[in-house]
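K.L.:
For reference, the structure I am asking about is given below.
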Amino acid sequence: METIKLYNDVQIPANGFGVYQVSKQDCKNTVLTALKAGYRHIDTAQSYFNESEVGDALKESDLTRNEIFLTTKVWIDNYGEHKTYDSIIASLKGLKTDYLDLILLHQPVGDYYSAYRDLEKLYDEGRVRAIGVSNFYPDRLVDLCLFAKIRPMVNQIEVNVFNQQVEAKKWADKYGVVLEAWAPFAEGRNNMFHNEVLMSIADKHHKSVAQIILRWLYQRGIVSLAKSVHEERIKENFDICSFSLDMDDMQKIAALDTGTSSFFSHQDPSIIEWFHQLIIERRK
């Protein structure tokens, strides 16, 4: 299992398995399948509503807890000093573990500074091995790096071949923050799996387009978080260390960058309004 070292010397598996949009009914068996395929990094979140099922899978697995790198993320409605702390304690219970390997703030919205202080407290207490953020743009990331007591160790953001986050990577590297890629396949948007450049590189290496994308991320020093509920694709997505991309491959993929999100921008005021409305609806 290839790993990337965080600045506090914690090793994070470079090829992770995400459970976003995996139903409660499918989650346990899907995670067990991923662990059997070789995955040791599982990524969930409070807002995925499947922490308990992930915990069930970890308990049922033959692996010991210290063999698995477990991440969850704090939802916006749980931001706030003490409130964030309590929500993470609840997540620990749901996940059926007494510590987390990584805890992230899910969105750069609301009272994230108070929430981040609770992450620092949990880190100081030894309940979490690493802390960080998700979806923070470079300016907000640098703000935390400079003014928080403990700078983030990870920033989980959208990274795919059409949105390569070159600027975000530059700033993350400057402050020793490791990037994680959510939606590395952009949910198949922009006809990604049938892109001629990616297909030609895949044919060259006798691999799938998905494997090429995940290997490309690894060679950039970015942790990938792939998701599938299909056993063969889970096995395929895990197999990214049996080949390497050469400089020509990397340059061809770099040329695909459009610098735009396949989903939405957190700098769009209407998206912030949407997050606010989502919180209100979920409270009902």
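Identifiers in this document derive from the order of the structure tokens: chains are assigned A, B, ..., residues are numbered from 1 separately in each chain, and ligands are numbered from 1 in order of occurrence.
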Against range 264-276 of chain A, which residues of range 108-181 of chain A fall within 8 Å? For each one I want the closest pair of atoms and the distance in Å (one decimal), counting only C-alpha atoms, rows by chain and increasing residue number, as JSON lines.
P.N.:
```
{"residue": "A:Pro108", "atom": "CA", "partner": "A:His266", "partner_atom": "CA", "distance": 7.9}
{"residue": "A:Val109", "atom": "CA", "partner": "A:Ile272", "partner_atom": "CA", "distance": 7.3}
{"residue": "A:Asn135", "atom": "CA", "partner": "A:His266", "partner_atom": "CA", "distance": 7.7}
```
K.L.:
With all heavy atoms retained, write the just-selected residues as a PDB file, in the first residue's frame.
P.N.:
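The resulting file, again-v3.pdb, is shown below:
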```
ATOM      1  N   PRO A 108     -16.255  25.318   3.658  1.00  0.00           N
ATOM      2  CA  PRO A 108     -15.747  26.603   4.156  1.00  0.00           C
ATOM      3  C   PRO A 108     -16.873  27.613   4.345  1.00  0.00           C
ATOM      4  O   PRO A 108     -16.843  28.729   3.816  1.00  0.00           O
ATOM      5  CB  PRO A 108     -14.794  27.040   3.039  1.00  0.00           C
ATOM      6  CG  PRO A 108     -15.440  26.509   1.796  1.00  0.00           C
ATOM      7  CD  PRO A 108     -16.077  25.189   2.193  1.00  0.00           C
ATOM      8  N   VAL A 109     -17.884  27.200   5.102  1.00  0.00           N
ATOM      9  CA  VAL A 109     -19.109  27.990   5.277  1.00  0.00           C
ATOM     10  C   VAL A 109     -19.458  28.026   6.761  1.00  0.00           C
ATOM     11  O   VAL A 109     -19.288  27.029   7.466  1.00  0.00           O
ATOM     12  CB  VAL A 109     -20.279  27.357   4.480  1.00  0.00           C
ATOM     13  CG1 VAL A 109     -21.566  28.120   4.715  1.00  0.00           C
ATOM     14  CG2 VAL A 109     -19.954  27.305   2.993  1.00  0.00           C
ATOM     15  N   ASN A 135     -12.791  21.393   0.733  1.00  0.00           N
ATOM     16  CA  ASN A 135     -13.368  22.415  -0.142  1.00  0.00           C
ATOM     17  C   ASN A 135     -12.893  23.835   0.174  1.00  0.00           C
ATOM     18  O   ASN A 135     -13.546  24.798  -0.218  1.00  0.00           O
ATOM     19  CB  ASN A 135     -14.906  22.353  -0.089  1.00  0.00           C
ATOM     20  CG  ASN A 135     -15.449  21.052  -0.628  1.00  0.00           C
ATOM     21  OD1 ASN A 135     -15.152  20.666  -1.753  1.00  0.00           O
ATOM     22  ND2 ASN A 135     -16.226  20.344   0.188  1.00  0.00           N
TER      23      ASN A 135
END
```
K.L.:
Using only C-alpha atoms, which of the listed residues (A:Ile12, A:Ala226, A:Leu70, A:Ile212) sits closest to Met250 in chain A?
P.N.:
A:Ile212
K.L.:
Which is closer to Ala255 in chain A than all the others in A:Thr44, A:Asn8, A:Gln164, A:Gln211, using only C-alpha atoms?
P.N.:
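Of the candidates, the smallest distance to Ala255 in chain A is held by A:Gln164.
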K.L.:
For CA of Val178 in chain A and CA of Asp139 in chain A, determine how far apart the two atoms are, in Å to one decimal place.
P.N.:
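Going from CA of Val178 in chain A over to CA of Asp139 in chain A covers 15.7 Å.
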K.L.:
As JSON, numbers by chain, please: every residue in range 42-261 of chain A that a backbone DSSP assignment puts in strand (DSSP E).
P.N.:
{"A": [42, 43, 69, 70, 71, 72, 73, 74, 102, 103, 104, 105, 131, 132, 133, 134, 154, 155, 156, 157, 158, 178, 179, 180, 181, 182, 223, 224, 225, 226]}
K.L.:
Might you pull out every residue within 6 Å of range 228-245 of chain A, with only C-alpha atoms counted and same-chain residues fewer than 2 positions away left off, and present them as a PyMOL selection string?
P.N.:
chain A and resi 30+37+211+215+249
K.L.:
So which residues touch Ile89 in chain A within 12 Å, counting only C-alpha atoms, skipping near sequence neighbours fewer than 6 positions away, as JSON, numbers by chain?
P.N.:
{"A": [46, 72, 74, 78, 82, 83, 95, 96, 97, 98, 99, 100, 103, 118, 119, 122, 127, 128]}
K.L.:
Could you please determine the separation between CA of Pro13 in chain A and CA of Thr258 in chain A in Å, to one decimal place?
P.N.:
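For CA of Pro13 in chain A relative to CA of Thr258 in chain A, the distance reads 28.1 Å.
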K.L.:
Skipping near chain neighbours, those fewer than 3 positions away, what residues fall within 7 Å of range 208-210 of chain A using only C-alpha atoms, listed as a PyMOL selection string?
P.N.:
chain A and resi 193+198-199+202+213-214+237
K.L.:
Any idea what's packed within 10 Å of Ala115 in chain A, counting only C-alpha atoms, ignoring anything in its chain fewer than 2 positions away? Could you give it as a list in words?
P.N.:
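The residues satisfying every condition are Val74, Ile76, Asn78, Tyr79, Gly80, Glu81, His82, Lys83, Thr84, Tyr85, Leu104, Leu105, Gly110, Asp111, Tyr112, Tyr113, Arg117, Asp118, Leu119 and Glu120 of chain A.
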K.L.:
Which is closer to Ile279 in chain A than all the others in A:Trp75, A:Gly55, A:Leu6, A:Leu35, using only C-alpha atoms?
P.N.:
A:Trp75
K.L.:
Point out the residue among A:Gly38, A:Pro138, A:Gly18, A:Gly188 with the least atom-to-atom distance to Asp173 in chain A, counting only C-alpha atoms.
P.N.:
A:Pro138
K.L.:
If you run DSSP on this backbone, which residues of range 219-265 of chain A come out as helix (DSSP H, G or I), and could you give them as a list in words?
P.N.:
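The residues of range 219-265 of chain A classed as helix (DSSP H, G or I) are Gln219, Glu231, Glu232, Arg233, Ile234, Lys235, Glu236, Asn237, Phe238, Met247, Asp248, Asp249, Met250, Gln251, Lys252, Ile253 and Ala254 of chain A.
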K.L.:
Got time to write the residues from that selection, C-alpha atoms, as a short mmCIF file (atom, residue, chain, number, x, y, z; two decimals), in the first residue's frame?
P.N.:
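Wrote selection06.cif, looks like this:
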```
data_model
loop_
_atom_site.label_atom_id
_atom_site.label_comp_id
_atom_site.auth_asym_id
_atom_site.auth_seq_id
_atom_site.Cartn_x
_atom_site.Cartn_y
_atom_site.Cartn_z
CA GLN A 219 2.12 10.76 -9.26
CA GLU A 231 -16.70 -5.47 -6.97
CA GLU A 232 -14.74 -5.66 -10.23
CA ARG A 233 -14.42 -1.87 -10.46
CA ILE A 234 -13.40 -1.66 -6.81
CA LYS A 235 -10.60 -4.18 -7.47
CA GLU A 236 -9.62 -2.36 -10.67
CA ASN A 237 -9.51 1.06 -9.00
CA PHE A 238 -7.27 -0.28 -6.26
CA MET A 247 6.41 12.35 -18.74
CA ASP A 248 4.61 12.32 -22.09
CA ASP A 249 1.51 10.81 -20.47
CA MET A 250 1.56 13.40 -17.69
CA GLN A 251 1.95 16.28 -20.15
CA LYS A 252 -0.94 15.06 -22.30
CA ILE A 253 -3.19 14.85 -19.24
CA ALA A 254 -2.05 18.28 -18.04
#
```
K.L.:
Report, in Å with one decimal, the straight-line distance from CA of Arg220 in chain A to CA of Ala34 in chain A.
P.N.:
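These atoms are spaced 23.5 Å apart.
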K.L.:
So, counting only C-alpha atoms, which residue among A:Tyr175, A:Ala181, A:Lys169, A:Asn160 is closest to Asp143 in chain A?
P.N.:
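Closest residue, counting only C-alpha atoms: A:Tyr175.
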K.L.:
With only C-alpha atoms as the basis for distance, which of A:Cys145, A:Leu102, A:Leu256, A:Ile150 is at the shortest distance from Asp124 in chain A?
P.N.:
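Looking at the shortest contact to Asp124 in chain A, the residue is A:Ile150.
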